[in-house]
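Reviewing the structure listed below.
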Amino acid sequence: NPLTARVMVNRVWQWHFGQPLAGNPNNFGATGKKPTHPELLDYLATKFIDSGWSVKQLHRLVLRSEAYRRSTQHPEPQKLADQDPHATSYAAFRPRRLDAEELRDAMLLVSGELNPTLGGIPVRPEMNLEAALQPRQVMGTFAEAWQPSPLPEQRHRRSIYALRLRGQRDPFQEVFNAPSPDLSCEAREASTVTPQVFAMFNSEISFDRALAFAHRLQQSGGSREQIVDRMFQQAYGRAARPAELAACLEHWTKMTARHERLKFDPPVYPREVVREAVEENTGEKFTFAEPLEVYADFVPDLKPADADAALRGLAEVGLVVLNSNEFVYVY
């Protein structure tokens with residue numbers, strides 16, 4: 001069916017360029033928007049069918065295209081903005097921010113923690129503890145608290161394998177526009193708001209990834225300059241420029257001195273959470289303790305208490321790298 005092929009290539013194009021060839025991907029056809037490039041849509045659909053409906057071949061065709069490999073900087077930006085305000089000509093590549101799941105997986109990848117195993121049952125990544133333990137109602141009774149998978153290799157699987165609960169959304173992913181599981185999402189929002197900065201710079205999740213990243217680099221050995229250069233190679237796919245190298249080394253020195261004055265305690269995980277409820281028949285209030293069994297055998301990630309000042313200082317550099325546009329956006 002050629003319509004099926006058009007729908008598929010339209011979504012793949014949207015995935016890589018941040019916008020579809022034909023708007024309203026969930027209502028493709030007569031009820032949707034007309035494609036901006038109908039000939040291109042037909043060409044991609046034909047190629048998709050001729051390749052035996054190979055999704056890999058389709059991705060390869062799009063990623064190797066001239067349109068995808070164009071620079072984000074147009075030689076005449078003002079003229080382009082006047083003639084193409086909606087960026088539908090693809091005369092320049094419009095940077096695309098990583099989706100919430102892509103961002104999490106990218107941080108796990110560079111930190112060396114990502115488990116690429118395919119298939120299997122859903123896993124439970126770590127979540128902000130306050131959000132994980134908040135009371136939730138399901139069918140008139142309390143739902144169990146969110147308890148992460150006990151082992152790092154389980155928690156650090158790709159986001160596609162993370163368990164989704166309608167009433168328990170991950171705050172970190174939600175702030176980066178992860179869609180609600182209650183509705184079909186035809187296109188992700190890509191907002192830029194202040195809470196994203198707090199999530200990336202100040203959250204425990206982000207610093208844990210930066211600390212694991214620093215530990216991975218330190219374990220590889222080499223001079224301070226070589227370590228910083230490898231950081232750029234793994235995060236950006238390029239070598240550090242002289243000015244960047246100097247700035248990172250200076251920041252590493254300053255942060256190491258700062259962390260020598262700081263003391264971190266090992267994390268203490270709760271073994272139960274106390275709930276308060278009202279008895280349905282009498283209206284009396286009562287409390288009960290919900291056990292959190294997973295924390296009996298929980299293996300935590302590398303924490304600041306496990307690292308020396310130099311490693312934590314390097315993690316501060318890694319945190320800046322993970323917060324850069326070059327890491328968070330596709331250019």
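Chain labels follow the order of the structure tokens: the first chain is A, the next B, and so on; residue numbering restarts at 1 in every chain, and ligands are counted from 1 in their shown order.
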
Task: Close residues, region 126-131 of chain A itself excluded, 10 Å, only C-alpha atoms, min 6 positions apart in chain, as a list in words - done: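 Surrounding residues, per the criterion: Ala145, Trp146, Gln147, Pro148, Ser149, Pro150, Pro152, Arg155, His156, Gln168, Arg169, Asp170, Pro171, Phe172, Gln173, Ser203, Glu204, Ile205, Tyr269, Pro270, Pro300 and Asp301 of chain A.
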
Open item on the list: Residues near Leu21 (chain A), anyone? I mean within 10 Å using only C-alpha atoms, not counting same-chain ones fewer than 4 positions away, as a list of chain:residue names.
Closed with: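 Listing them by chain and then by number gives A:Arg6, A:Val9, A:Asn10, A:Arg11, A:Val12, A:Trp13, A:Gln14, A:Phe17, A:Pro25, A:Lys33, A:Lys34, A:Pro35, A:Thr36, A:His37, A:Pro38, A:Leu40, A:Leu41, A:Thr88.
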
TODO: Per DSSP on the backbone, filter region 127-303 of chain A down to the residues in alpha helix (DSSP H) and report them as a VMD selection string.
DONE: chain A and resid 129 to 132 152 to 155 171 to 175 194 to 202 204 to 219 224 to 236 242 to 259

Fewer than 5 positions away in the same chain doesn't count, so skip those; otherwise give me all residues within 8 Å of region 209-212 of chain A, counting only C-alpha atoms, as a JSON list (two decimals) with N, CA and C atoms, in the first residue's frame.
[["chain", "number", "residue", "atom", "x", "y", "z"],
["A", 107, "MET", "N", 23.55, 10.61, 27.59],
["A", 107, "MET", "CA", 24.36, 10.78, 28.79],
["A", 107, "MET", "C", 24.86, 9.43, 29.31],
["A", 108, "LEU", "N", 24.00, 8.42, 29.26],
["A", 108, "LEU", "CA", 24.42, 7.09, 29.69],
["A", 108, "LEU", "C", 25.49, 6.52, 28.77],
["A", 111, "SER", "N", 28.90, 8.23, 29.42],
["A", 111, "SER", "CA", 29.40, 7.88, 30.75],
["A", 111, "SER", "C", 29.83, 6.42, 30.82],
["A", 112, "GLY", "N", 29.55, 5.65, 29.77],
["A", 112, "GLY", "CA", 29.92, 4.25, 29.75],
["A", 112, "GLY", "C", 28.98, 3.35, 30.52],
["A", 113, "GLU", "N", 27.82, 3.86, 30.91],
["A", 113, "GLU", "CA", 26.88, 3.10, 31.73],
["A", 113, "GLU", "C", 25.77, 2.43, 30.92],
["A", 302, "LEU", "N", 27.82, 5.23, 41.13],
["A", 302, "LEU", "CA", 28.95, 5.93, 41.74],
["A", 302, "LEU", "C", 28.46, 7.28, 42.27],
["A", 303, "LYS", "N", 28.74, 7.56, 43.54],
["A", 303, "LYS", "CA", 28.27, 8.77, 44.18],
["A", 303, "LYS", "C", 29.45, 9.65, 44.58],
["A", 304, "PRO", "N", 29.21, 10.96, 44.83],
["A", 304, "PRO", "CA", 30.30, 11.85, 45.24],
["A", 304, "PRO", "C", 31.07, 11.36, 46.45],
["A", 311, "LEU", "N", 38.50, 13.70, 41.11],
["A", 311, "LEU", "CA", 37.48, 13.08, 40.26],
["A", 311, "LEU", "C", 36.20, 13.90, 40.25],
["A", 312, "ARG", "N", 35.82, 14.42, 41.39],
["A", 312, "ARG", "CA", 34.62, 15.27, 41.44],
["A", 312, "ARG", "C", 34.85, 16.56, 40.67],
["A", 314, "LEU", "N", 36.76, 16.83, 38.00],
["A", 314, "LEU", "CA", 36.63, 16.47, 36.59],
["A", 314, "LEU", "C", 35.16, 16.28, 36.22],
["A", 315, "ALA", "N", 34.38, 15.76, 37.16],
["A", 315, "ALA", "CA", 32.94, 15.59, 36.92],
["A", 315, "ALA", "C", 32.26, 16.94, 36.69],
["A", 316, "GLU", "N", 32.74, 17.98, 37.38],
["A", 316, "GLU", "CA", 32.18, 19.32, 37.17],
["A", 316, "GLU", "C", 32.45, 19.79, 35.74],
["A", 318, "GLY", "N", 32.83, 17.71, 33.19],
["A", 318, "GLY", "CA", 31.94, 16.89, 32.39],
["A", 318, "GLY", "C", 30.51, 17.38, 32.42],
["A", 319, "LEU", "N", 30.08, 17.90, 33.56],
["A", 319, "LEU", "CA", 28.73, 18.42, 33.68],
["A", 319, "LEU", "C", 28.51, 19.61, 32.75],
["A", 322, "LEU", "N", 28.18, 18.23, 29.20],
["A", 322, "LEU", "CA", 26.87, 17.63, 28.97],
["A", 322, "LEU", "C", 25.76, 18.67, 28.86]]

- [ ] Tell me which protein, DNA and RNA residues are within 8 Å of region 183-199 of chain A, counting only C-alpha atoms, leaving out same-chain ones fewer than 5 positions away, and put them as number ranges by chain.
- [x] A: 24-26, 97, 99, 172, 175-178, 206

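Residue nearest Leu151 (chain A), chosen from A:Val123, A:Met255, A:Ala91, A:Ala30 and counting only C-alpha atoms: A:Val123.
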
Give me the residues of region 259-297 of chain A that have any atom at most 12 Å from an atom of region 244-254 of chain A; for each, the nearest atom pair and the distance in Å, rounded to one decimal. Use only C-alpha atoms, sort by chain and number, and format it as a Markdown table.
| residue | atom | partner | partner_atom | distance |
| --- | --- | --- | --- | --- |
| A:His259 | CA | A:Lys254 | CA | 8.8 |
| A:Glu260 | CA | A:Lys254 | CA | 10.1 |
| A:Arg261 | CA | A:Lys254 | CA | 11.6 |

For those residues, write N, CA and C atoms to a file as a PDB file, in the first residue's frame.
ATOM      1  N   HIS A 259      36.212  21.165  45.896  1.00  0.00           N
ATOM      2  CA  HIS A 259      35.748  19.887  46.437  1.00  0.00           C
ATOM      3  C   HIS A 259      36.645  19.372  47.562  1.00  0.00           C
ATOM      4  N   GLU A 260      37.860  19.866  47.640  1.00  0.00           N
ATOM      5  CA  GLU A 260      38.717  19.483  48.767  1.00  0.00           C
ATOM      6  C   GLU A 260      38.171  20.027  50.082  1.00  0.00           C
ATOM      7  N   ARG A 261      37.343  21.052  49.996  1.00  0.00           N
ATOM      8  CA  ARG A 261      36.749  21.637  51.202  1.00  0.00           C
ATOM      9  C   ARG A 261      35.364  21.056  51.507  1.00  0.00           C
TER      10      ARG A 261
END

Task: Closest of A:Val110, A:Asn202, A:Leu98, A:Glu76 to Gly237 (chain A) - atom-to-atom distances counting only C-alpha atoms - done: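 Smallest distance to Gly237 (chain A) is found for A:Val110.
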
Open item on the list: I need the strand (DSSP E or B) residues of region 2-247 of chain A per DSSP on the backbone, written as a VMD selection string.
Closed with: chain A and resid 96 to 97 115 123 137 to 138 141 to 142 157 162 165 168

Please produce a file of the residues just selected, as a PDB file, in the first residue's frame, where the atoms kept are N, CA and C atoms.
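What landed in again_37.pdb:
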ATOM      1  N   ARG A  96      18.164  20.472  15.926  1.00  0.00           N
ATOM      2  CA  ARG A  96      17.078  19.764  16.606  1.00  0.00           C
ATOM      3  C   ARG A  96      17.553  19.319  17.983  1.00  0.00           C
ATOM      4  N   ARG A  97      16.796  19.698  19.011  1.00  0.00           N
ATOM      5  CA  ARG A  97      17.164  19.261  20.358  1.00  0.00           C
ATOM      6  C   ARG A  97      16.840  17.779  20.528  1.00  0.00           C
ATOM      7  N   ASN A 115      23.439   0.180  28.951  1.00  0.00           N
ATOM      8  CA  ASN A 115      23.324  -1.253  28.677  1.00  0.00           C
ATOM      9  C   ASN A 115      22.562  -1.418  27.364  1.00  0.00           C
ATOM     10  N   VAL A 123      12.191  -2.077  32.561  1.00  0.00           N
ATOM     11  CA  VAL A 123      13.015  -1.792  33.733  1.00  0.00           C
ATOM     12  C   VAL A 123      12.559  -0.477  34.350  1.00  0.00           C
ATOM     13  N   GLN A 137      -3.193   7.477  43.751  1.00  0.00           N
ATOM     14  CA  GLN A 137      -4.422   6.707  43.889  1.00  0.00           C
ATOM     15  C   GLN A 137      -4.697   5.939  42.593  1.00  0.00           C
ATOM     16  N   VAL A 138      -5.045   4.660  42.740  1.00  0.00           N
ATOM     17  CA  VAL A 138      -5.454   3.832  41.610  1.00  0.00           C
ATOM     18  C   VAL A 138      -6.676   3.037  42.035  1.00  0.00           C
ATOM     19  N   THR A 141      -7.609   3.142  45.785  1.00  0.00           N
ATOM     20  CA  THR A 141      -6.652   2.706  46.797  1.00  0.00           C
ATOM     21  C   THR A 141      -5.270   3.232  46.450  1.00  0.00           C
ATOM     22  N   PHE A 142      -4.314   3.052  47.368  1.00  0.00           N
ATOM     23  CA  PHE A 142      -2.974   3.566  47.140  1.00  0.00           C
ATOM     24  C   PHE A 142      -2.224   2.691  46.137  1.00  0.00           C
ATOM     25  N   ARG A 157      19.425   0.605  31.123  1.00  0.00           N
ATOM     26  CA  ARG A 157      19.073   0.171  29.782  1.00  0.00           C
ATOM     27  C   ARG A 157      18.493   1.350  29.014  1.00  0.00           C
ATOM     28  N   ALA A 162      12.163   1.401  29.412  1.00  0.00           N
ATOM     29  CA  ALA A 162      11.754   1.893  30.733  1.00  0.00           C
ATOM     30  C   ALA A 162      10.243   1.759  30.900  1.00  0.00           C
ATOM     31  N   LEU A 165       4.239   4.446  33.526  1.00  0.00           N
ATOM     32  CA  LEU A 165       3.000   4.419  34.293  1.00  0.00           C
ATOM     33  C   LEU A 165       2.264   5.731  34.060  1.00  0.00           C
ATOM     34  N   GLN A 168       2.512   8.147  36.972  1.00  0.00           N
ATOM     35  CA  GLN A 168       3.843   8.326  37.568  1.00  0.00           C
ATOM     36  C   GLN A 168       4.817   8.707  36.464  1.00  0.00           C
TER      37      GLN A 168
END

Open item on the list: Give me the residues near Ala257 (chain A) as a VMD selection string, where near means some atom within 9 Å (using only C-alpha atoms) and where sequence neighbours in that chain fewer than 5 positions away do not count.
Closed with: chain A and resid 252 309 to 310 313
